[in-house]
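Data block for work.pdb (PDB, C-alpha atoms):
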ATOM      1  CA  MET A   4       0.000   0.000   0.000
ATOM      2  CA  MET A   5       1.437   3.384  -1.015
ATOM      3  CA  PHE A   6       0.715   6.507   0.959
ATOM      4  CA  GLU A   7       2.006   9.984   0.318
ATOM      5  CA  ALA A   8       4.807  10.835   2.757
ATOM      6  CA  ASN A   9       3.252  14.070   3.912
ATOM      7  CA  ASN A  10       0.130  13.225   5.885
ATOM      8  CA  HIS A  11      -1.533  13.607   9.299
ATOM      9  CA  PHE A  12       0.107  10.426  10.597
ATOM     10  CA  ALA A  13       3.609  11.515   9.587
ATOM     11  CA  LEU A  14       3.022  14.955  11.097
ATOM     12  CA  LEU A  15       2.122  13.419  14.444
ATOM     13  CA  GLY A  16       4.859  10.773  14.357
ATOM     14  CA  LEU A  17       2.559   7.783  13.982
ATOM     15  CA  PRO A  18       2.587   4.788  11.639
ATOM     16  CA  VAL A  19      -0.003   5.015   8.842
ATOM     17  CA  GLN A  20      -2.507   2.511  10.211
ATOM     18  CA  PHE A  21      -5.873   2.328  11.957
ATOM     19  CA  GLU A  22      -4.596   0.993  15.272
ATOM     20  CA  ILE A  23      -2.736   3.828  16.939
ATOM     21  CA  ASP A  24      -1.408   4.542  20.396
ATOM     22  CA  THR A  25      -3.601   7.378  21.638
ATOM     23  CA  ASP A  26      -1.091   8.368  24.344
ATOM     24  CA  THR A  27       1.581   8.901  21.679
ATOM     25  CA  LEU A  28      -0.950  10.848  19.601
ATOM     26  CA  GLN A  29      -1.724  13.124  22.562
ATOM     27  CA  SER A  30       1.870  13.710  23.611
ATOM     28  CA  ASN A  31       3.177  14.299  20.079
ATOM     29  CA  TYR A  32       0.358  16.739  19.443
ATOM     30  CA  ARG A  33       1.132  18.659  22.641
ATOM     31  CA  LYS A  34       4.825  18.761  21.718
ATOM     32  CA  ILE A  35       4.069  20.339  18.328
ATOM     33  CA  GLN A  36       1.558  22.791  19.784
ATOM     34  CA  SER A  37       4.096  24.015  22.354
ATOM     35  CA  GLU A  38       6.766  24.419  19.651
ATOM     36  CA  VAL A  39       4.533  26.524  17.417
ATOM     37  CA  HIS A  40       2.590  28.340  20.129
ATOM     38  CA  PRO A  41       1.968  32.023  19.147
ATOM     39  CA  ASP A  42       3.481  33.213  22.480
ATOM     40  CA  LYS A  43       6.877  32.034  21.239
ATOM     41  CA  PHE A  44       6.623  34.149  18.121
ATOM     42  CA  VAL A  45       5.691  37.504  19.641
ATOM     43  CA  THR A  46       9.006  39.052  18.564
ATOM     44  CA  ALA A  47       9.322  37.047  15.341
ATOM     45  CA  SER A  48       8.864  38.408  11.823
ATOM     46  CA  PRO A  49       5.344  38.466  10.342
ATOM     47  CA  ALA A  50       6.341  35.648   7.978
ATOM     48  CA  GLU A  51       7.482  33.472  10.890
ATOM     49  CA  ARG A  52       4.352  34.279  12.856
ATOM     50  CA  LEU A  53       2.202  33.274   9.903
ATOM     51  CA  GLN A  54       4.240  30.093   9.477
ATOM     52  CA  SER A  55       3.793  29.138  13.142
ATOM     53  CA  MET A  56       0.061  29.813  12.977
ATOM     54  CA  GLN A  57      -0.277  27.624   9.888
ATOM     55  CA  SER A  58       1.670  24.825  11.557
ATOM     56  CA  ALA A  59      -0.563  25.050  14.628
ATOM     57  CA  THR A  60      -3.661  24.860  12.441
ATOM     58  CA  LEU A  61      -2.313  21.867  10.509
ATOM     59  CA  ALA A  62      -1.399  20.020  13.703
ATOM     60  CA  ASN A  63      -4.832  20.709  15.141
ATOM     61  CA  GLU A  64      -6.556  19.415  12.019
ATOM     62  CA  ALA A  65      -4.365  16.298  12.042
ATOM     63  CA  PHE A  66      -5.057  15.672  15.729
ATOM     64  CA  GLN A  67      -8.831  16.108  15.386
ATOM     65  CA  THR A  68      -8.881  13.751  12.397
ATOM     66  CA  LEU A  69      -6.822  10.992  13.999
ATOM     67  CA  LYS A  70      -8.318  11.220  17.482
ATOM     68  CA  HIS A  71     -11.686   9.745  16.557
ATOM     69  CA  PRO A  72     -11.804   6.221  15.051
ATOM     70  CA  THR A  73     -14.434   7.102  12.415
ATOM     71  CA  SER A  74     -12.592  10.122  11.013
ATOM     72  CA  ARG A  75      -9.272   8.239  11.282
ATOM     73  CA  ALA A  76     -10.674   5.405   9.155
ATOM     74  CA  ARG A  77     -12.230   7.877   6.692
ATOM     75  CA  TYR A  78      -8.860   9.615   6.353
ATOM     76  CA  LEU A  79      -6.976   6.343   5.824
ATOM     77  CA  LEU A  80      -9.381   5.485   3.002
ATOM     78  CA  GLN A  81      -8.954   8.952   1.474
ATOM     79  CA  LEU A  82      -5.185   8.389   1.454
ATOM     80  CA  GLN A  83      -5.922   5.371  -0.732
ATOM     81  CA  GLY A  84      -8.092   7.465  -3.013
ATOM     82  CA  ILE A  85     -11.366   6.074  -1.676
ATOM     83  CA  GLU A  86     -14.125   8.478  -0.654
ATOM     84  CA  THR A  87     -16.656   7.277   1.903
ATOM     85  CA  LEU A  88     -19.482   9.268   0.177
ATOM     86  CA  GLU A  89     -21.429   9.909   3.351
ATOM     87  CA  ASP A  90     -23.306  12.742   1.639
ATOM     88  CA  SER A  91     -24.522  10.831  -1.376
ATOM     89  CA  ASN A  92     -24.509   7.092  -0.680
ATOM     90  CA  THR A  93     -27.927   6.401   0.855
ATOM     91  CA  ALA A  94     -28.113   2.672   0.119
ATOM     92  CA  MET A  95     -27.478   1.123   3.519
ATOM     93  CA  PRO A  96     -28.351  -2.506   4.346
ATOM     94  CA  ALA A  97     -32.028  -2.702   5.349
ATOM     95  CA  ASP A  98     -31.345  -4.495   8.647
ATOM     96  CA  PHE A  99     -28.893  -1.777   9.648
ATOM     97  CA  LEU A 100     -31.440   0.951   8.866
ATOM     98  CA  MET A 101     -34.078  -1.015  10.781
ATOM     99  CA  MET A 102     -31.741  -0.970  13.780
ATOM    100  CA  GLN A 103     -31.318   2.805  13.353
ATOM    101  CA  MET A 104     -35.101   3.234  13.415
ATOM    102  CA  GLU A 105     -35.376   1.102  16.539
ATOM    103  CA  TRP A 106     -32.658   3.095  18.287
ATOM    104  CA  ARG A 107     -34.345   6.359  17.339
ATOM    105  CA  GLU A 108     -37.679   5.056  18.639
ATOM    106  CA  ALA A 109     -36.077   3.872  21.897
ATOM    107  CA  MET A 110     -34.433   7.280  22.214
ATOM    108  CA  GLU A 111     -37.743   9.120  21.744
ATOM    109  CA  ASP A 112     -39.565   6.867  24.196
ATOM    110  CA  ALA A 113     -36.867   7.284  26.838
ATOM    111  CA  GLN A 114     -36.761  11.034  26.268
ATOM    112  CA  LEU A 115     -40.521  11.334  26.784
ATOM    113  CA  ALA A 116     -40.326   9.161  29.914
ATOM    114  CA  LYS A 117     -37.252  11.137  31.092
ATOM    115  CA  ASP A 118     -35.646   7.729  31.607
ATOM    116  CA  ILE A 119     -31.900   8.392  31.892
ATOM    117  CA  THR A 120     -31.144   4.732  32.720
ATOM    118  CA  ALA A 121     -32.741   3.608  29.445
ATOM    119  CA  LEU A 122     -30.798   6.255  27.527
ATOM    120  CA  GLU A 123     -27.536   5.142  29.101
ATOM    121  CA  HIS A 124     -28.372   1.549  28.268
ATOM    122  CA  LEU A 125     -29.013   2.560  24.654
ATOM    123  CA  LEU A 126     -25.697   4.414  24.606
ATOM    124  CA  SER A 127     -23.797   1.332  25.773
ATOM    125  CA  THR A 128     -25.584  -0.846  23.179
ATOM    126  CA  MET A 129     -24.459   1.526  20.459
ATOM    127  CA  LYS A 130     -20.946   1.687  21.873
ATOM    128  CA  ASN A 131     -20.664  -2.108  21.712
ATOM    129  CA  GLU A 132     -21.979  -2.127  18.155
ATOM    130  CA  ALA A 133     -19.413   0.523  17.173
ATOM    131  CA  LYS A 134     -16.595  -1.379  18.915
ATOM    132  CA  ALA A 135     -17.441  -4.561  17.013
ATOM    133  CA  MET A 136     -17.228  -2.620  13.739
ATOM    134  CA  GLN A 137     -13.954  -0.952  14.710
ATOM    135  CA  THR A 138     -12.291  -4.314  15.355
ATOM    136  CA  VAL A 139     -12.794  -5.368  11.727
ATOM    137  CA  LEU A 140     -11.904  -1.937  10.323
ATOM    138  CA  ALA A 141      -8.104  -2.211  10.644
ATOM    139  CA  ASN A 142      -8.034  -5.280   8.429
ATOM    140  CA  ALA A 143     -10.741  -4.057   6.031
ATOM    141  CA  ILE A 144      -8.988  -0.722   5.366
ATOM    142  CA  VAL A 145      -5.956  -2.631   4.077
ATOM    143  CA  ASN A 146      -7.600  -5.601   2.381
ATOM    144  CA  ASP A 147     -11.154  -4.562   1.476
ATOM    145  CA  PRO A 148     -11.460  -0.765   1.242
ATOM    146  CA  ASN A 149     -15.017  -0.818  -0.146
ATOM    147  CA  THR A 150     -16.261  -2.797   2.839
ATOM    148  CA  ALA A 151     -14.286  -0.428   5.069
ATOM    149  CA  ALA A 152     -16.046   2.560   3.454
ATOM    150  CA  GLN A 153     -19.408   0.932   4.209
ATOM    151  CA  ILE A 154     -18.349   0.431   7.848
ATOM    152  CA  VAL A 155     -17.345   4.101   8.066
ATOM    153  CA  ARG A 156     -20.815   5.075   6.807
ATOM    154  CA  LYS A 157     -22.389   2.851   9.471
ATOM    155  CA  LEU A 158     -20.168   4.343  12.163
ATOM    156  CA  SER A 159     -21.250   7.833  11.055
ATOM    157  CA  PHE A 160     -24.837   6.856  11.821
ATOM    158  CA  ILE A 161     -23.903   5.447  15.205
ATOM    159  CA  ASP A 162     -21.828   8.536  16.061
ATOM    160  CA  LYS A 163     -24.790  10.761  15.208
ATOM    161  CA  VAL A 164     -27.353   8.834  17.296
ATOM    162  CA  SER A 165     -24.857   8.579  20.168
ATOM    163  CA  ALA A 166     -24.319  12.345  20.104
ATOM    164  CA  ASP A 167     -28.087  12.912  20.074
ATOM    165  CA  VAL A 168     -28.605  10.540  23.023
ATOM    166  CA  GLN A 169     -25.772  12.176  24.953
ATOM    167  CA  HIS A 170     -27.309  15.579  24.280
ATOM    168  CA  ILE A 171     -30.667  14.400  25.647
ATOM    169  CA  ILE A 172     -29.030  12.900  28.740
ATOM    170  CA  SER A 173     -27.181  16.122  29.516
ATOM    171  CA  ARG A 174     -30.365  18.154  29.104
ATOM    172  CA  LEU A 175     -32.320  15.792  31.381
ATOM    173  CA  GLU A 176     -29.579  15.978  34.007
ATOM    174  CA  ASP A 177     -29.691  19.787  34.111
TER     175      ASP A 177
ATOM    176  CA  MET B  14     -31.805  27.849  10.118
ATOM    177  CA  ALA B  15     -35.014  29.334   8.746
ATOM    178  CA  TYR B  16     -37.386  26.782   7.273
ATOM    179  CA  SER B  17     -39.768  27.733   4.487
ATOM    180  CA  ASP B  18     -43.520  27.857   5.231
ATOM    181  CA  LYS B  19     -44.056  24.695   3.211
ATOM    182  CA  VAL B  20     -41.410  22.786   5.188
ATOM    183  CA  LEU B  21     -42.945  23.976   8.459
ATOM    184  CA  ASP B  22     -46.414  22.979   7.271
ATOM    185  CA  HIS B  23     -45.321  19.426   6.433
ATOM    186  CA  TYR B  24     -43.175  19.231   9.569
ATOM    187  CA  GLU B  25     -45.978  20.300  11.879
ATOM    188  CA  ASN B  26     -48.732  18.401  10.045
ATOM    189  CA  PRO B  27     -46.970  15.490   8.366
ATOM    190  CA  ARG B  28     -49.186  13.646   5.848
ATOM    191  CA  ASN B  29     -49.385   9.875   5.701
ATOM    192  CA  VAL B  30     -47.197   8.947   8.646
ATOM    193  CA  GLY B  31     -47.350   5.241   9.395
ATOM    194  CA  SER B  32     -46.751   1.790   7.989
ATOM    195  CA  LEU B  33     -48.210  -0.575   5.410
ATOM    196  CA  ASP B  34     -47.858  -4.358   5.521
ATOM    197  CA  LYS B  35     -44.369  -4.860   4.140
ATOM    198  CA  ASN B  36     -45.108  -8.519   3.383
ATOM    199  CA  ALA B  37     -48.126  -7.758   1.172
ATOM    200  CA  SER B  38     -47.513  -8.512  -2.512
ATOM    201  CA  ASN B  39     -48.819  -5.080  -3.595
ATOM    202  CA  VAL B  40     -46.705  -3.085  -1.115
ATOM    203  CA  GLY B  41     -43.204  -1.859  -1.863
ATOM    204  CA  THR B  42     -40.891  -0.706   0.910
ATOM    205  CA  GLY B  43     -37.899   1.564   0.470
ATOM    206  CA  MET B  44     -35.482   2.209   3.305
ATOM    207  CA  VAL B  45     -32.623   4.642   2.896
ATOM    208  CA  GLY B  46     -30.333   6.562   5.188
ATOM    209  CA  ALA B  47     -27.960   9.499   5.003
ATOM    210  CA  PRO B  48     -24.750   8.753   6.913
ATOM    211  CA  ALA B  49     -23.690  12.411   6.960
ATOM    212  CA  CYS B  50     -26.644  13.518   9.078
ATOM    213  CA  GLY B  51     -27.912  10.193  10.468
ATOM    214  CA  ASP B  52     -31.351  10.548   8.876
ATOM    215  CA  VAL B  53     -33.334   7.366   8.263
ATOM    216  CA  MET B  54     -36.328   7.236   5.934
ATOM    217  CA  LYS B  55     -38.827   4.423   5.320
ATOM    218  CA  LEU B  56     -41.248   4.923   2.446
ATOM    219  CA  GLN B  57     -43.979   2.453   1.500
ATOM    220  CA  ILE B  58     -46.262   2.413  -1.510
ATOM    221  CA  GLN B  59     -49.327   0.278  -2.199
ATOM    222  CA  VAL B  60     -50.619  -0.301  -5.741
ATOM    223  CA  ASN B  61     -54.073  -1.403  -6.932
ATOM    224  CA  ASP B  62     -54.717  -4.032  -9.610
ATOM    225  CA  ALA B  63     -54.307  -1.415 -12.347
ATOM    226  CA  GLY B  64     -50.787  -0.684 -11.108
ATOM    227  CA  ILE B  65     -51.689   2.744  -9.733
ATOM    228  CA  ILE B  66     -50.315   3.833  -6.359
ATOM    229  CA  GLU B  67     -53.353   4.096  -4.098
ATOM    230  CA  ASP B  68     -51.625   4.621  -0.768
ATOM    231  CA  ALA B  69     -48.257   5.798   0.518
ATOM    232  CA  LYS B  70     -46.893   5.972   4.054
ATOM    233  CA  PHE B  71     -43.633   7.105   5.549
ATOM    234  CA  LYS B  72     -41.657   7.098   8.727
ATOM    235  CA  THR B  73     -38.640   9.377   8.921
ATOM    236  CA  TYR B  74     -36.171  10.164  11.635
ATOM    237  CA  GLY B  75     -34.304  13.297  10.776
ATOM    238  CA  CYS B  76     -34.453  17.051  10.471
ATOM    239  CA  GLY B  77     -37.509  19.079   9.451
ATOM    240  CA  SER B  78     -36.465  19.086   5.795
ATOM    241  CA  ALA B  79     -36.169  15.285   5.688
ATOM    242  CA  ILE B  80     -39.603  14.870   7.274
ATOM    243  CA  ALA B  81     -41.145  17.474   4.956
ATOM    244  CA  SER B  82     -39.537  15.853   1.877
ATOM    245  CA  SER B  83     -40.967  12.440   2.722
ATOM    246  CA  SER B  84     -44.369  13.863   3.682
ATOM    247  CA  LEU B  85     -44.558  15.764   0.383
ATOM    248  CA  VAL B  86     -43.674  12.771  -1.786
ATOM    249  CA  THR B  87     -46.328  10.575  -0.160
ATOM    250  CA  GLU B  88     -48.857  13.145  -1.437
ATOM    251  CA  TRP B  89     -47.304  13.243  -4.876
ATOM    252  CA  LEU B  90     -47.108   9.457  -5.206
ATOM    253  CA  LYS B  91     -50.823   8.773  -4.889
ATOM    254  CA  GLY B  92     -52.469   8.245  -8.286
ATOM    255  CA  LYS B  93     -49.174   7.703 -10.101
ATOM    256  CA  THR B  94     -47.973   4.578 -11.906
ATOM    257  CA  LEU B  95     -44.697   3.027 -10.757
ATOM    258  CA  ASP B  96     -42.886   4.447 -13.770
ATOM    259  CA  GLN B  97     -44.250   7.924 -13.095
ATOM    260  CA  ALA B  98     -43.244   7.571  -9.438
ATOM    261  CA  ALA B  99     -39.692   6.645 -10.387
ATOM    262  CA  GLU B 100     -39.484   9.850 -12.425
ATOM    263  CA  ILE B 101     -39.891  12.125  -9.397
ATOM    264  CA  LYS B 102     -36.683  14.115  -9.120
ATOM    265  CA  ASN B 103     -35.104  15.495  -5.991
ATOM    266  CA  SER B 104     -34.826  18.896  -7.702
ATOM    267  CA  ALA B 105     -38.642  19.093  -7.905
ATOM    268  CA  ILE B 106     -38.938  18.255  -4.198
ATOM    269  CA  ALA B 107     -36.271  20.823  -3.276
ATOM    270  CA  GLU B 108     -37.965  23.458  -5.416
ATOM    271  CA  GLU B 109     -41.447  22.819  -4.006
ATOM    272  CA  LEU B 110     -40.159  23.049  -0.422
ATOM    273  CA  ALA B 111     -37.687  25.871  -1.170
ATOM    274  CA  LEU B 112     -34.891  23.860   0.464
ATOM    275  CA  PRO B 113     -31.606  25.715   1.013
ATOM    276  CA  PRO B 114     -28.469  24.162  -0.580
ATOM    277  CA  VAL B 115     -27.343  22.508   2.691
ATOM    278  CA  LYS B 116     -30.670  20.623   2.835
ATOM    279  CA  ILE B 117     -30.710  19.371  -0.757
ATOM    280  CA  HIS B 118     -29.498  15.978   0.474
ATOM    281  CA  CYS B 119     -32.857  15.558   2.273
ATOM    282  CA  SER B 120     -34.638  15.685  -1.076
ATOM    283  CA  VAL B 121     -32.067  13.248  -2.511
ATOM    284  CA  LEU B 122     -32.940  10.897   0.332
ATOM    285  CA  ALA B 123     -36.655  11.106  -0.579
ATOM    286  CA  GLU B 124     -35.936  10.435  -4.268
ATOM    287  CA  ASP B 125     -33.770   7.440  -3.343
ATOM    288  CA  ALA B 126     -36.513   6.151  -1.024
ATOM    289  CA  ILE B 127     -39.074   6.266  -3.870
ATOM    290  CA  LYS B 128     -36.690   4.420  -6.195
ATOM    291  CA  ALA B 129     -36.024   1.785  -3.520
ATOM    292  CA  ALA B 130     -39.755   1.298  -2.845
ATOM    293  CA  VAL B 131     -40.542   0.987  -6.574
ATOM    294  CA  ALA B 132     -37.669  -1.487  -7.053
ATOM    295  CA  ASP B 133     -38.882  -3.535  -4.074
ATOM    296  CA  LEU B 134     -42.422  -3.696  -5.473
ATOM    297  CA  LYS B 135     -41.225  -4.554  -8.980
ATOM    298  CA  SER B 136     -39.063  -7.373  -7.661
ATOM    299  CA  LYS B 137     -42.089  -8.751  -5.790
ATOM    300  CA  GLN B 138     -44.227  -8.594  -8.948
ATOM    301  CA  VAL B 139     -41.591 -10.400 -10.996
ATOM    302  CA  GLY B 140     -41.331 -13.003  -8.256
ATOM    303  CA  SER B 141     -45.086 -13.598  -8.135
ATOM    304  CA  LYS B 142     -45.320 -13.887 -11.941
ATOM    305  CA  GLU B 143     -42.579 -16.470 -11.945
ATOM    306  CA  ALA B 144     -44.343 -18.387  -9.189
ATOM    307  CA  ALA B 145     -47.669 -18.276 -11.078
TER     308      ALA B 145
END
Using structure tokens, write down the structure from this file.
Amino acid sequence: MMFEANNHFALLGLPVQFEIDTDTLQSNYRKIQSEVHPDKFVTASPAERLQSMQSATLANEAFQTLKHPTSRARYLLQLQGIETLEDSNTAMPADFLMMQMEWREAMEDAQLAKDITALEHLLSTMKNEAKAMQTVLANAIVNDPNTAAQIVRKLSFIDKVSADVQHIISRLED
Amino acid sequence: MAYSDKVLDHYENPRNVGSLDKNASNVGTGMVGAPACGDVMKLQIQVNDAGIIEDAKFKTYGCGSAIASSSLVTEWLKGKTLDQAAEIKNSAIAEELALPPVKIHCSVLAEDAIKAAVADLKSKQVGSKEAA
């Protein structure tokens, strides 16, 4: 598999692969951010200041992309020239969409009943489902990119419902 | 975001929400989803013996534009043949509802749902002819 040398992984000192060490990601990111922090460039030339700001922005974008498994997988596929088409590919497996409907219904019911326990249960169900998908992603990205793209689309759904459920929980807890 | 009056109307008074018997031989079911926004849409059509769509129902989880798009097409579908139904374009839906560019994908979802429902029904009809 050929990747271009200049990418988010290289910038943050990580191997180009799905499984990454998140501690290394964090510490390498912090190292770069402290090196290019604007405070260090107060007396520098405008060109240097601009350069440091651009580096900080790039590092931030790289960190945000690699931090989350779904965007990390999407990025790895993009490096291989494969787009995950989350805007235009609406043909998901029917059983998966059925599950999405059921989750949404469970979410609405629990929201109406103000049942935080049920919402947390739903959240953990979705987390397990996402974890199961993530375990096959590493292999699929390398050996079966089209399947990997489909998994990324599924994970996008799960991320969205999870965020919605979390939002409801935090509002109910207020 | 400001919704158009037509979107609000369909959102507040959605037409034809519900389900038809997905196992019936004259009912076609289309399920589609948009990964980018997490919307899920189920659209069902029921045809009479003359092949005309006599009923349409939907169930959509998503934003106001997605709900309005599916509600609108259930109204449009009634009285159409399957071929006429398959000709409904997302641009017509977007225009009728005055959807802003960021919500065009909701109308795409509705068009894809119609196509999926028509394809499901056609595959059932082919199957029943072969069985006969």
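Counting only C-alpha atoms and comparing A:Met95, A:Glu89, A:Ile23, A:Gly16, the residue that lies closest to Ala126 of chain B is A:Met95.
Of the residues under consideration (B:Ala15, B:Leu134, B:Leu112, B:Cys76), B:Cys76 shows the shortest atom-to-atom contact distance to Met54 of chain B when counting all atoms listed in the file.
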* To do: Can you check which residues of chain B have any atom within 7 Å of chain A? Use only C-alpha atoms and format it as an MDAnalysis selection string.
  => chainID B and resid 44:51 53 122
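Take atom CA of Ala81 of chain B and atom CA of Ala63 of chain B: the distance between them is 28.8 Å.
Taking all atoms listed in the file into account, Pro18 of chain A lies nearest to A:Leu79 out of the set A:Ser55, A:Leu79, A:Asp42, A:Ala166.
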* Work out how far atom CA of Arg33 of chain A is from atom CA of Asn142 of chain A, in Å to one decimal. => 29.3 Å
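Shown here are all protein and nucleic acid residues lying within 10 Å of (-36.7, 20.7, -4.5), with all atoms listed in the file considered: Ser82, Lys102, Asn103, Ser104, Ala105, Ile106, Ala107, Glu108, Glu109, Leu110, Ala111, Leu112, Pro113, Pro114, Lys116, Ile117, His118, Cys119, Ser120 and Val121 of chain B.
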Can those selected residues be exported to a file as a tab-separated table (two decimals), in the coordinates of the input so that it contains C-alpha atoms?
chain	number	residue	atom	x	y	z
B	82	SER	CA	-39.54	15.85	1.88
B	102	LYS	CA	-36.68	14.12	-9.12
B	103	ASN	CA	-35.10	15.50	-5.99
B	104	SER	CA	-34.83	18.90	-7.70
B	105	ALA	CA	-38.64	19.09	-7.90
B	106	ILE	CA	-38.94	18.26	-4.20
B	107	ALA	CA	-36.27	20.82	-3.28
B	108	GLU	CA	-37.97	23.46	-5.42
B	109	GLU	CA	-41.45	22.82	-4.01
B	110	LEU	CA	-40.16	23.05	-0.42
B	111	ALA	CA	-37.69	25.87	-1.17
B	112	LEU	CA	-34.89	23.86	0.46
B	113	PRO	CA	-31.61	25.72	1.01
B	114	PRO	CA	-28.47	24.16	-0.58
B	116	LYS	CA	-30.67	20.62	2.84
B	117	ILE	CA	-30.71	19.37	-0.76
B	118	HIS	CA	-29.50	15.98	0.47
B	119	CYS	CA	-32.86	15.56	2.27
B	120	SER	CA	-34.64	15.68	-1.08
B	121	VAL	CA	-32.07	13.25	-2.51
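For the pair atom CA of Ala151 of chain A and atom CA of Asp52 of chain B, the interatomic distance is 20.6 Å.
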* Asked: Within 12 Å of (-42.7, 14.4, -10.0), in the coordinates the file gives, what residues turn up when you count only C-alpha atoms, written out as a ChimeraX atom specification?
  -> /B:85-109,123-124,127
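Distance annotation: of A:Ser173, A:Ser37, A:Gln54, A:Thr25, the residue with the minimal separation from Gln67 of chain A is A:Thr25; atom set is only C-alpha atoms.
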How big is the axis-aligned box around the listed atoms of segment 40-54 of chain B once 6 Å is added on each side, and where is its centre? Give both in Å to one decimal, as lines of an AutoDock Vina configuration file.
center_x = -35.2
center_y = 5.2
center_z = 4.3
size_x = 35.0
size_y = 28.6
size_z = 24.3
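Of the residues under consideration (A:Leu15, A:Thr27, A:Pro72, A:Thr150), A:Pro72 shows the shortest atom-to-atom contact distance to Ala133 of chain A when counting only C-alpha atoms.
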* Asked: Near Ser84 of chain B, within 9 Å and counting only C-alpha atoms, which residues show up once chain neighbours fewer than 5 positions away are dropped, as JSON, numbers by chain?
  -> {"B": [23, 24, 26, 27, 28, 29, 30, 70, 71, 72, 73, 79]}
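Distances from A:Ala62, A:Met136, A:Lys130, A:Val19 to Gln36 of chain A were compared using all atoms listed in the file, and the smallest one belongs to A:Ala62.
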Would you write out, as a PDB file with C-alpha atoms, in the coordinates of the input, every residue that the PyMOL selection byres ((chain A and resi 69) around 12) captures in this file?
ATOM      1  CA  ASN A  10       0.130  13.225   5.885  1.00  0.00           C
ATOM      2  CA  HIS A  11      -1.533  13.607   9.299  1.00  0.00           C
ATOM      3  CA  PHE A  12       0.107  10.426  10.597  1.00  0.00           C
ATOM      4  CA  ALA A  13       3.609  11.515   9.587  1.00  0.00           C
ATOM      5  CA  LEU A  14       3.022  14.955  11.097  1.00  0.00           C
ATOM      6  CA  LEU A  15       2.122  13.419  14.444  1.00  0.00           C
ATOM      7  CA  GLY A  16       4.859  10.773  14.357  1.00  0.00           C
ATOM      8  CA  LEU A  17       2.559   7.783  13.982  1.00  0.00           C
ATOM      9  CA  PRO A  18       2.587   4.788  11.639  1.00  0.00           C
ATOM     10  CA  VAL A  19      -0.003   5.015   8.842  1.00  0.00           C
ATOM     11  CA  GLN A  20      -2.507   2.511  10.211  1.00  0.00           C
ATOM     12  CA  PHE A  21      -5.873   2.328  11.957  1.00  0.00           C
ATOM     13  CA  GLU A  22      -4.596   0.993  15.272  1.00  0.00           C
ATOM     14  CA  ILE A  23      -2.736   3.828  16.939  1.00  0.00           C
ATOM     15  CA  ASP A  24      -1.408   4.542  20.396  1.00  0.00           C
ATOM     16  CA  THR A  25      -3.601   7.378  21.638  1.00  0.00           C
ATOM     17  CA  THR A  27       1.581   8.901  21.679  1.00  0.00           C
ATOM     18  CA  LEU A  28      -0.950  10.848  19.601  1.00  0.00           C
ATOM     19  CA  GLN A  29      -1.724  13.124  22.562  1.00  0.00           C
ATOM     20  CA  TYR A  32       0.358  16.739  19.443  1.00  0.00           C
ATOM     21  CA  ALA A  62      -1.399  20.020  13.703  1.00  0.00           C
ATOM     22  CA  ASN A  63      -4.832  20.709  15.141  1.00  0.00           C
ATOM     23  CA  GLU A  64      -6.556  19.415  12.019  1.00  0.00           C
ATOM     24  CA  ALA A  65      -4.365  16.298  12.042  1.00  0.00           C
ATOM     25  CA  PHE A  66      -5.057  15.672  15.729  1.00  0.00           C
ATOM     26  CA  GLN A  67      -8.831  16.108  15.386  1.00  0.00           C
ATOM     27  CA  THR A  68      -8.881  13.751  12.397  1.00  0.00           C
ATOM     28  CA  LYS A  70      -8.318  11.220  17.482  1.00  0.00           C
ATOM     29  CA  HIS A  71     -11.686   9.745  16.557  1.00  0.00           C
ATOM     30  CA  PRO A  72     -11.804   6.221  15.051  1.00  0.00           C
ATOM     31  CA  THR A  73     -14.434   7.102  12.415  1.00  0.00           C
ATOM     32  CA  SER A  74     -12.592  10.122  11.013  1.00  0.00           C
ATOM     33  CA  ARG A  75      -9.272   8.239  11.282  1.00  0.00           C
ATOM     34  CA  ALA A  76     -10.674   5.405   9.155  1.00  0.00           C
ATOM     35  CA  ARG A  77     -12.230   7.877   6.692  1.00  0.00           C
ATOM     36  CA  TYR A  78      -8.860   9.615   6.353  1.00  0.00           C
ATOM     37  CA  LEU A  79      -6.976   6.343   5.824  1.00  0.00           C
TER      38      LEU A  79
END
* Selected by the PyMOL selection byres ((chain B and resi 42) around 8) in the shown coordinates: which residues, as a ChimeraX atom specification? -> /B:35,40-41,43-44,55-58,129-131,133-134
Show me, as a PDB file with C-alpha atoms, in the coordinates of the input, the residues that have an atom within 12 Å of Glu176 of chain A when counting all atoms listed in the file, minus same-chain residues fewer than 2 positions from it.
ATOM      1  CA  GLN A 114     -36.761  11.034  26.268  1.00  0.00           C
ATOM      2  CA  LYS A 117     -37.252  11.137  31.092  1.00  0.00           C
ATOM      3  CA  ASP A 118     -35.646   7.729  31.607  1.00  0.00           C
ATOM      4  CA  ILE A 119     -31.900   8.392  31.892  1.00  0.00           C
ATOM      5  CA  THR A 120     -31.144   4.732  32.720  1.00  0.00           C
ATOM      6  CA  LEU A 122     -30.798   6.255  27.527  1.00  0.00           C
ATOM      7  CA  GLN A 169     -25.772  12.176  24.953  1.00  0.00           C
ATOM      8  CA  HIS A 170     -27.309  15.579  24.280  1.00  0.00           C
ATOM      9  CA  ILE A 171     -30.667  14.400  25.647  1.00  0.00           C
ATOM     10  CA  ILE A 172     -29.030  12.900  28.740  1.00  0.00           C
ATOM     11  CA  SER A 173     -27.181  16.122  29.516  1.00  0.00           C
ATOM     12  CA  ARG A 174     -30.365  18.154  29.104  1.00  0.00           C
TER      13      ARG A 174
END
